[in-house]
Amino acid sequence: MLASPLLQLRCSSFAAPIKWGTSTTRRGMGLTLTISASIDYPVPSKLLSVPKVKPSNWKWKFEGKSVDIYFERLERDVTANQHCKDILMVPTISDVSTVEEWRSIAEQIVGKDDDGINWSATIVDWPGLGYSDRPKLEYNADVMERFLVDFVTSPDSPISIAGKEYVIFGAGHAATIATRATKKDMLSPKAIAAVAPTWSGPLPIVFGKDSNMETRYGLLRGTLRAPALGWMMYNVLVSNEKAVESQYKSHVYADPNNVTPRLIKTRYELTKSKGARYVPAAFLTGLLDPVSSREEFLQLFAALDGKLPILVMLSSGSPKRSKAEMEALRGTKGVSKFVEVPGALLPQEEYPSVVADQLYKFLVENFH
């Protein structure tokens, strides 16, 4: 989500169709469902009172450092003999990444009481992003994978303490990192929902990753991480309200009318935090890419075929290159359900009720 201000790129996107409708077709072992909408309709399910958001922090120990990780818990009281499961919701990786992109969906799903399961949710900010600490680490895909695994499996982690079976909802690169960790048996979710999944950073997906480009990416990354010049470049090209607004209107949201001044202000504030440039510098230049090709991307999902249900959610207004990678998962081995929703790279934030509805249907189909 960082490329356009740095290189004056214009990512193509298009608004969702006006007509509301659904169609289904069988493709291999999976189900393909297409949804389009112009209005974010409320989820047609019974809701209890909206669960309270409980903010908290967890200390991640990594390379001799203690990194303060921000997360939120949403849960309701457990009734007798009620089965309990937890949903780990992981935001996209970008300079404007935050738990807030999942909060509405968490409230809607946790607030339901019509499937006999008491769902709780944990939303976590990545190290270096959102409201978590932003230390100067050598961020790459392995570091982010290590964090996600530690957050789930460490004895003192929120997921371990909850002691419940869990599923993972991941967006963008988060979905692919979680899938990779599951393939490697580092995580053991009961299901995965990949919302607008991506695997390539903004520059590599446009310009490739040959040796010449890798050298240029390294120079850019080094400049962004530099003590003085890095802050200057980041502030001019990224950390200003016009740049943030340009991101959202060009490729983060599908409908520019959904980009409000309040949204831009809150996301701009995230880019002003100390250390804010380190993770975006790695993401922009491809260091956070969990795979290096479409073939590897598809193989991650294929390797989990028959082991757990996987939902892939394609957003109809995504930039064409990102959308092509999502589209490649349609009907592929390992993907048990494929749906299409309105939105661009943040459909879970732009159209939360539509996305929540599909996510909840996926849960009910597999855990009712």
# chains A, B, ... in the order shown; residues from 1 in each chain; ligands from 1

$ residues_around --residues "Tyr70 in chain A" --least-positions-apart "3" --cutoff "10 Å" --atoms "only C-alpha atoms" --output "PyMOL selection string"
chain A and resi 55-59+67+98-99+123-127+129-133

$ write_last_selection --atoms "all heavy atoms" --output "compact mmCIF listing (two decimals), in the first residue's frame"
# COMPACT_ATOMS: atom_id res chain seq x y z
N PRO A 55 -8.60 -3.72 25.23
CA PRO A 55 -7.22 -3.52 24.75
C PRO A 55 -6.21 -4.06 25.76
O PRO A 55 -6.44 -4.02 26.97
CB PRO A 55 -7.12 -2.00 24.61
CG PRO A 55 -8.12 -1.46 25.58
CD PRO A 55 -9.24 -2.45 25.64
N SER A 56 -5.11 -4.56 25.24
CA SER A 56 -4.09 -5.10 26.13
C SER A 56 -2.75 -5.11 25.41
O SER A 56 -2.65 -4.74 24.24
CB SER A 56 -4.46 -6.51 26.59
OG SER A 56 -3.61 -6.95 27.63
N ASN A 57 -1.71 -5.55 26.11
CA ASN A 57 -0.36 -5.62 25.55
C ASN A 57 0.30 -6.94 25.93
O ASN A 57 0.01 -7.51 26.97
CB ASN A 57 0.49 -4.45 26.04
CG ASN A 57 -0.03 -3.11 25.56
OD1 ASN A 57 -0.91 -2.52 26.19
ND2 ASN A 57 0.49 -2.63 24.46
N TRP A 58 1.19 -7.39 25.07
CA TRP A 58 1.94 -8.62 25.30
C TRP A 58 3.39 -8.36 24.94
O TRP A 58 3.69 -7.67 23.97
CB TRP A 58 1.36 -9.74 24.43
CG TRP A 58 2.10 -11.04 24.52
CD1 TRP A 58 2.15 -11.89 25.57
CD2 TRP A 58 2.89 -11.65 23.47
NE1 TRP A 58 2.92 -12.99 25.27
CE2 TRP A 58 3.38 -12.87 23.99
CE3 TRP A 58 3.21 -11.28 22.17
CZ2 TRP A 58 4.19 -13.72 23.25
CZ3 TRP A 58 4.02 -12.13 21.42
CH2 TRP A 58 4.49 -13.33 21.95
N LYS A 59 4.31 -8.89 25.73
CA LYS A 59 5.74 -8.70 25.49
C LYS A 59 6.28 -9.82 24.61
O LYS A 59 6.24 -10.99 24.99
CB LYS A 59 6.49 -8.68 26.82
CG LYS A 59 6.15 -7.51 27.73
CD LYS A 59 6.63 -6.19 27.15
CE LYS A 59 6.38 -5.04 28.13
NZ LYS A 59 6.79 -3.73 27.56
N VAL A 67 9.60 -6.53 22.92
CA VAL A 67 8.78 -5.68 22.04
C VAL A 67 7.34 -5.67 22.55
O VAL A 67 6.72 -6.72 22.70
CB VAL A 67 8.83 -6.19 20.59
CG1 VAL A 67 8.05 -5.24 19.68
CG2 VAL A 67 10.26 -6.34 20.12
N THR A 98 -3.45 -1.65 11.01
CA THR A 98 -3.94 -1.45 12.36
C THR A 98 -5.04 -2.46 12.70
O THR A 98 -5.76 -2.92 11.80
CB THR A 98 -4.50 -0.02 12.55
OG1 THR A 98 -5.23 0.06 13.78
CG2 THR A 98 -5.42 0.38 11.43
N VAL A 99 -5.17 -2.78 13.98
CA VAL A 99 -6.24 -3.66 14.43
C VAL A 99 -7.62 -3.12 14.07
O VAL A 99 -8.60 -3.87 13.98
CB VAL A 99 -6.17 -3.88 15.96
CG1 VAL A 99 -4.91 -4.62 16.36
CG2 VAL A 99 -6.28 -2.55 16.72
N ILE A 123 -7.50 -9.63 18.07
CA ILE A 123 -6.94 -8.87 16.95
C ILE A 123 -5.58 -8.35 17.39
O ILE A 123 -5.46 -7.74 18.46
CB ILE A 123 -7.83 -7.69 16.55
CG1 ILE A 123 -9.32 -8.03 16.62
CG2 ILE A 123 -7.47 -7.20 15.15
CD1 ILE A 123 -10.24 -6.84 16.40
N VAL A 124 -4.55 -8.57 16.60
CA VAL A 124 -3.20 -8.20 17.03
C VAL A 124 -2.52 -7.31 16.00
O VAL A 124 -2.68 -7.51 14.79
CB VAL A 124 -2.35 -9.47 17.29
CG1 VAL A 124 -2.18 -10.30 16.01
CG2 VAL A 124 -0.99 -9.12 17.89
N ASP A 125 -1.78 -6.34 16.49
CA ASP A 125 -0.96 -5.51 15.61
C ASP A 125 0.41 -6.15 15.43
O ASP A 125 1.01 -6.65 16.40
CB ASP A 125 -0.77 -4.10 16.21
CG ASP A 125 -1.83 -3.12 15.74
OD1 ASP A 125 -2.36 -3.30 14.63
OD2 ASP A 125 -2.13 -2.17 16.49
N TRP A 126 0.92 -6.12 14.22
CA TRP A 126 2.26 -6.63 13.94
C TRP A 126 3.32 -5.80 14.69
O TRP A 126 3.11 -4.60 14.93
CB TRP A 126 2.58 -6.53 12.46
CG TRP A 126 1.79 -7.40 11.57
CD1 TRP A 126 0.69 -7.07 10.84
CD2 TRP A 126 2.04 -8.79 11.28
NE1 TRP A 126 0.24 -8.16 10.11
CE2 TRP A 126 1.06 -9.23 10.37
CE3 TRP A 126 3.01 -9.70 11.72
CZ2 TRP A 126 1.01 -10.53 9.88
CZ3 TRP A 126 2.97 -11.00 11.23
CH2 TRP A 126 1.99 -11.40 10.33
N PRO A 127 4.46 -6.38 15.01
CA PRO A 127 5.57 -5.56 15.52
C PRO A 127 5.98 -4.57 14.44
O PRO A 127 6.04 -4.91 13.25
CB PRO A 127 6.67 -6.60 15.79
CG PRO A 127 6.32 -7.77 14.93
CD PRO A 127 4.83 -7.80 14.87
N LEU A 129 4.20 -2.01 13.53
CA LEU A 129 3.03 -1.43 12.87
C LEU A 129 1.92 -1.16 13.88
O LEU A 129 1.96 -1.65 15.01
CB LEU A 129 2.52 -2.37 11.77
CG LEU A 129 3.44 -2.62 10.58
CD1 LEU A 129 2.86 -3.71 9.68
CD2 LEU A 129 3.68 -1.34 9.79
N GLY A 130 0.91 -0.42 13.44
CA GLY A 130 -0.25 -0.17 14.29
C GLY A 130 0.14 0.50 15.60
O GLY A 130 0.89 1.48 15.61
N TYR A 131 -0.34 -0.08 16.70
CA TYR A 131 -0.07 0.48 18.03
C TYR A 131 0.97 -0.33 18.79
O TYR A 131 1.17 -0.12 19.98
CB TYR A 131 -1.38 0.57 18.82
CG TYR A 131 -2.41 1.43 18.13
CD1 TYR A 131 -3.49 0.86 17.46
CD2 TYR A 131 -2.27 2.82 18.09
CE1 TYR A 131 -4.42 1.65 16.80
CE2 TYR A 131 -3.20 3.61 17.43
CZ TYR A 131 -4.27 3.02 16.78
OH TYR A 131 -5.19 3.80 16.11
N SER A 132 1.63 -1.25 18.11
CA SER A 132 2.74 -2.00 18.71
C SER A 132 4.02 -1.18 18.67
O SER A 132 4.12 -0.20 17.92
CB SER A 132 2.95 -3.33 17.98
OG SER A 132 1.88 -4.22 18.18
N ASP A 133 5.03 -1.61 19.46
CA ASP A 133 6.34 -0.97 19.39
C ASP A 133 6.92 -1.13 18.00
O ASP A 133 6.60 -2.08 17.26
CB ASP A 133 7.29 -1.62 20.40
CG ASP A 133 7.08 -1.12 21.82
OD1 ASP A 133 6.28 -0.18 22.01
OD2 ASP A 133 7.71 -1.67 22.75

$ select_by_dssp --residues "range 48-287 of chain A" --states "strand (DSSP E or B)" --output "count of residues only"
48

$ closest_atom_pairs --of "range 196-216 of chain A" --to "range 81-92 of chain A" --cutoff "12 Å" --atoms "only C-alpha atoms" --output "tab-separated table"
residue	atom	partner	partner_atom	distance
A:Ala196	CA	A:Thr92	CA	9.3
A:Pro197	CA	A:Thr92	CA	8.9
A:Thr198	CA	A:Thr92	CA	9.2
A:Trp199	CA	A:Thr92	CA	11.0
A:Gly201	CA	A:Thr92	CA	11.7

$ write_last_selection --atoms "all heavy atoms" --output "JSON list (two decimals), in the first residue's frame"
[["chain", "number", "residue", "atom", "x", "y", "z"],
["A", 196, "ALA", "N", -8.49, -11.11, 0.65],
["A", 196, "ALA", "CA", -7.67, -10.38, -0.32],
["A", 196, "ALA", "C", -6.20, -10.73, -0.14],
["A", 196, "ALA", "O", -5.36, -9.85, 0.07],
["A", 196, "ALA", "CB", -7.89, -8.87, -0.17],
["A", 197, "PRO", "N", -5.85, -12.03, -0.21],
["A", 197, "PRO", "CA", -4.48, -12.45, 0.07],
["A", 197, "PRO", "C", -3.48, -11.94, -0.97],
["A", 197, "PRO", "O", -3.77, -11.90, -2.16],
["A", 197, "PRO", "CB", -4.57, -13.97, 0.05],
["A", 197, "PRO", "CG", -5.71, -14.27, -0.87],
["A", 197, "PRO", "CD", -6.70, -13.16, -0.61],
["A", 198, "THR", "N", -2.31, -11.56, -0.50],
["A", 198, "THR", "CA", -1.23, -11.09, -1.38],
["A", 198, "THR", "C", 0.07, -11.79, -0.98],
["A", 198, "THR", "O", 0.18, -12.32, 0.13],
["A", 198, "THR", "CB", -1.04, -9.57, -1.27],
["A", 198, "THR", "OG1", -0.78, -9.22, 0.10],
["A", 198, "THR", "CG2", -2.27, -8.81, -1.74],
["A", 199, "TRP", "N", 1.04, -11.76, -1.84],
["A", 199, "TRP", "CA", 2.35, -12.35, -1.50],
["A", 199, "TRP", "C", 3.51, -11.50, -1.98],
["A", 199, "TRP", "O", 4.65, -11.71, -1.56],
["A", 199, "TRP", "CB", 2.48, -13.75, -2.10],
["A", 199, "TRP", "CG", 2.44, -13.81, -3.61],
["A", 199, "TRP", "CD1", 1.34, -14.04, -4.38],
["A", 199, "TRP", "CD2", 3.54, -13.64, -4.51],
["A", 199, "TRP", "NE1", 1.69, -14.02, -5.73],
["A", 199, "TRP", "CE2", 3.03, -13.79, -5.82],
["A", 199, "TRP", "CE3", 4.90, -13.39, -4.33],
["A", 199, "TRP", "CZ2", 3.84, -13.66, -6.95],
["A", 199, "TRP", "CZ3", 5.70, -13.27, -5.46],
["A", 199, "TRP", "CH2", 5.17, -13.41, -6.75],
["A", 201, "GLY", "N", 5.34, -7.65, -2.52],
["A", 201, "GLY", "CA", 5.35, -6.25, -2.12],
["A", 201, "GLY", "C", 5.03, -5.32, -3.28],
["A", 201, "GLY", "O", 5.07, -5.73, -4.45]]

$ closest_residue --among "A:Gly172, A:Pro342, A:Gly208, A:Pro290" --to "Glu145 in chain A" --atoms "only C-alpha atoms"
A:Pro290

$ select_by_dssp --residues "range 39-248 of chain A" --states "alpha helix (DSSP H)" --output "MDAnalysis selection string"
chainID A and resid 100:110 141:153 158:162 173:183 202:207 211:225 229:237 241:247

$ closest_residue --among "A:Lys112, A:Lys320, A:Arg180, A:Lys361" --to "Ala303 in chain A" --atoms "only C-alpha atoms"
A:Arg180

$ closest_atom_pairs --of "range 255-321 of chain A" --to "range 332-338 of chain A" --cutoff "6 Å" --atoms "only C-alpha atoms" --output "Markdown table"
| residue | atom | partner | partner_atom | distance |
| --- | --- | --- | --- | --- |
| A:Phe301 | CA | A:Gly334 | CA | 4.9 |
| A:Ala302 | CA | A:Gly334 | CA | 4.4 |
| A:Leu304 | CA | A:Gly334 | CA | 5.6 |
| A:Asp305 | CA | A:Gly334 | CA | 3.8 |
| A:Pro309 | CA | A:Ser336 | CA | 5.7 |
| A:Ile310 | CA | A:Val335 | CA | 5.3 |
| A:Leu311 | CA | A:Lys337 | CA | 4.8 |
| A:Val312 | CA | A:Phe338 | CA | 4.9 |
| A:Met313 | CA | A:Phe338 | CA | 6.0 |

$ write_last_selection --atoms "N, CA, C and O atoms" --output "PDB file, in the first residue's frame"
ATOM      1  N   PHE A 301      -1.230 -23.408  -0.498  1.00  0.00           N
ATOM      2  CA  PHE A 301      -2.615 -23.827  -0.282  1.00  0.00           C
ATOM      3  C   PHE A 301      -2.798 -25.295  -0.638  1.00  0.00           C
ATOM      4  O   PHE A 301      -3.481 -26.036   0.075  1.00  0.00           O
ATOM      5  N   ALA A 302      -2.178 -25.718  -1.722  1.00  0.00           N
ATOM      6  CA  ALA A 302      -2.312 -27.113  -2.152  1.00  0.00           C
ATOM      7  C   ALA A 302      -1.777 -28.075  -1.103  1.00  0.00           C
ATOM      8  O   ALA A 302      -2.314 -29.169  -0.909  1.00  0.00           O
ATOM      9  N   LEU A 304      -2.051 -27.943   1.956  1.00  0.00           N
ATOM     10  CA  LEU A 304      -2.987 -28.087   3.075  1.00  0.00           C
ATOM     11  C   LEU A 304      -4.293 -28.746   2.653  1.00  0.00           C
ATOM     12  O   LEU A 304      -5.235 -28.808   3.446  1.00  0.00           O
ATOM     13  N   ASP A 305      -4.346 -29.222   1.430  1.00  0.00           N
ATOM     14  CA  ASP A 305      -5.562 -29.840   0.916  1.00  0.00           C
ATOM     15  C   ASP A 305      -5.982 -31.020   1.796  1.00  0.00           C
ATOM     16  O   ASP A 305      -5.190 -31.924   2.075  1.00  0.00           O
ATOM     17  N   PRO A 309     -10.249 -26.605   6.421  1.00  0.00           N
ATOM     18  CA  PRO A 309     -10.964 -25.768   5.453  1.00  0.00           C
ATOM     19  C   PRO A 309     -10.280 -24.418   5.272  1.00  0.00           C
ATOM     20  O   PRO A 309      -9.821 -23.814   6.248  1.00  0.00           O
ATOM     21  N   ILE A 310     -10.209 -23.966   4.038  1.00  0.00           N
ATOM     22  CA  ILE A 310      -9.606 -22.674   3.719  1.00  0.00           C
ATOM     23  C   ILE A 310     -10.564 -21.883   2.834  1.00  0.00           C
ATOM     24  O   ILE A 310     -10.984 -22.357   1.774  1.00  0.00           O
ATOM     25  N   LEU A 311     -10.889 -20.686   3.284  1.00  0.00           N
ATOM     26  CA  LEU A 311     -11.690 -19.745   2.506  1.00  0.00           C
ATOM     27  C   LEU A 311     -10.772 -18.699   1.900  1.00  0.00           C
ATOM     28  O   LEU A 311      -9.919 -18.135   2.599  1.00  0.00           O
ATOM     29  N   VAL A 312     -10.931 -18.436   0.613  1.00  0.00           N
ATOM     30  CA  VAL A 312     -10.219 -17.344  -0.044  1.00  0.00           C
ATOM     31  C   VAL A 312     -11.252 -16.325  -0.487  1.00  0.00           C
ATOM     32  O   VAL A 312     -12.251 -16.666  -1.124  1.00  0.00           O
ATOM     33  N   MET A 313     -11.006 -15.069  -0.143  1.00  0.00           N
ATOM     34  CA  MET A 313     -11.932 -13.987  -0.464  1.00  0.00           C
ATOM     35  C   MET A 313     -11.248 -13.008  -1.414  1.00  0.00           C
ATOM     36  O   MET A 313     -10.306 -12.316  -1.034  1.00  0.00           O
TER      37      MET A 313
END

$ atom_distance --atom1 "CA of Val195 in chain A" --atom2 "CA of Phe147 in chain A"
20.0 Å

$ residues_around --residues "Leu359 in chain A" --least-positions-apart "3" --cutoff "9 Å" --atoms "only C-alpha atoms" --output "MDAnalysis selection string"
chainID A and resid 105 109 169 193 311 354:356 362:364

$ write_last_selection --atoms "N, CA and C atoms" --output "CSV table (one decimal), in the first residue's frame"
chain,number,residue,atom,x,y,z
A,105,ILE,N,-15.8,-6.3,12.2
A,105,ILE,CA,-16.1,-7.7,11.9
A,105,ILE,C,-16.0,-8.5,13.2
A,109,ILE,N,-19.2,-10.8,14.6
A,109,ILE,CA,-19.2,-12.2,14.7
A,109,ILE,C,-19.3,-12.6,16.2
A,169,PHE,N,-8.1,-15.5,10.7
A,169,PHE,CA,-8.6,-14.6,9.6
A,169,PHE,C,-7.4,-13.7,9.3
A,193,ALA,N,-9.1,-18.2,6.9
A,193,ALA,CA,-9.8,-17.4,5.9
A,193,ALA,C,-8.8,-16.4,5.4
A,311,LEU,N,-10.9,-20.7,3.3
A,311,LEU,CA,-11.7,-19.7,2.5
A,311,LEU,C,-10.8,-18.7,1.9
A,354,VAL,N,-20.5,-7.0,4.8
A,354,VAL,CA,-20.5,-8.0,3.7
A,354,VAL,C,-19.5,-9.1,4.0
A,355,VAL,N,-18.3,-8.6,4.4
A,355,VAL,CA,-17.2,-9.5,4.6
A,355,VAL,C,-17.5,-10.4,5.9
A,356,ALA,N,-18.0,-9.8,6.9
A,356,ALA,CA,-18.4,-10.5,8.1
A,356,ALA,C,-19.4,-11.6,7.8
A,362,PHE,N,-18.9,-19.2,6.5
A,362,PHE,CA,-17.8,-20.1,6.5
A,362,PHE,C,-17.6,-20.8,7.8
A,363,LEU,N,-17.7,-20.1,8.9
A,363,LEU,CA,-17.6,-20.7,10.2
A,363,LEU,C,-18.7,-21.7,10.5
A,364,VAL,N,-19.9,-21.2,10.2
A,364,VAL,CA,-21.1,-22.1,10.4
A,364,VAL,C,-21.1,-23.3,9.6

$ closest_residue --among "A:Phe151, A:Thr122, A:Phe283, A:Ala141" --to "Asp68 in chain A" --atoms "only C-alpha atoms"
A:Phe151

$ closest_residue --among "A:Leu314, A:Pro319, A:Gly306, A:Lys265" --to "Gln358 in chain A" --atoms "only C-alpha atoms"
A:Leu314

$ residues_around --residues "Pro347 in chain A" --least-positions-apart "3" --cutoff "10 Å" --atoms "only C-alpha atoms" --output "MDAnalysis selection string"
chainID A and resid 101:102 171 195:196 252:254 313:318 341:344 350:355

$ write_last_selection --atoms "C-alpha atoms" --output "CSV table (one decimal), in the first residue's frame"
chain,number,residue,atom,x,y,z
A,101,GLU,CA,-9.5,-2.7,10.2
A,102,TRP,CA,-10.9,-5.9,11.8
A,171,ALA,CA,-5.7,-10.1,5.3
A,195,VAL,CA,-9.1,-12.1,2.8
A,196,ALA,CA,-7.7,-10.4,-0.3
A,252,VAL,CA,-6.7,0.6,-0.6
A,253,TYR,CA,-10.4,1.4,-1.0
A,254,ALA,CA,-12.5,0.7,-4.1
A,313,MET,CA,-11.9,-14.0,-0.5
A,314,LEU,CA,-11.2,-12.0,-3.6
A,315,SER,CA,-12.0,-8.3,-3.6
A,316,SER,CA,-13.4,-7.2,-6.9
A,317,GLY,CA,-11.8,-3.7,-6.9
A,318,SER,CA,-8.2,-4.8,-6.1
A,341,VAL,CA,-16.8,-9.4,-2.4
A,342,PRO,CA,-16.6,-5.6,-3.1
A,343,GLY,CA,-13.6,-3.6,-2.0
A,344,ALA,CA,-9.9,-3.3,-2.9
A,350,GLU,CA,-14.4,-0.8,3.7
A,351,TYR,CA,-17.3,-3.3,3.6
A,352,PRO,CA,-17.2,-5.0,7.0
A,353,SER,CA,-20.8,-6.3,7.1
A,354,VAL,CA,-20.5,-8.0,3.7
A,355,VAL,CA,-17.2,-9.5,4.6

$ closest_residue --among "A:Leu300, A:Phe62, A:Asp156, A:Ile264" --to "Lys184 in chain A" --atoms "only C-alpha atoms"
A:Leu300

$ atom_distance --atom1 "CA of Asn212 in chain A" --atom2 "CA of Asn140 in chain A"
19.8 Å

$ residues_around --residues "Pro204 in chain A" --least-positions-apart "4" --cutoff "7 Å" --atoms "only C-alpha atoms" --output "ChimeraX atom specification"
/A:200,208-209,285-286

$ atom_distance --atom1 "CA of Lys323 in chain A" --atom2 "CA of Ile177 in chain A"
17.9 Å
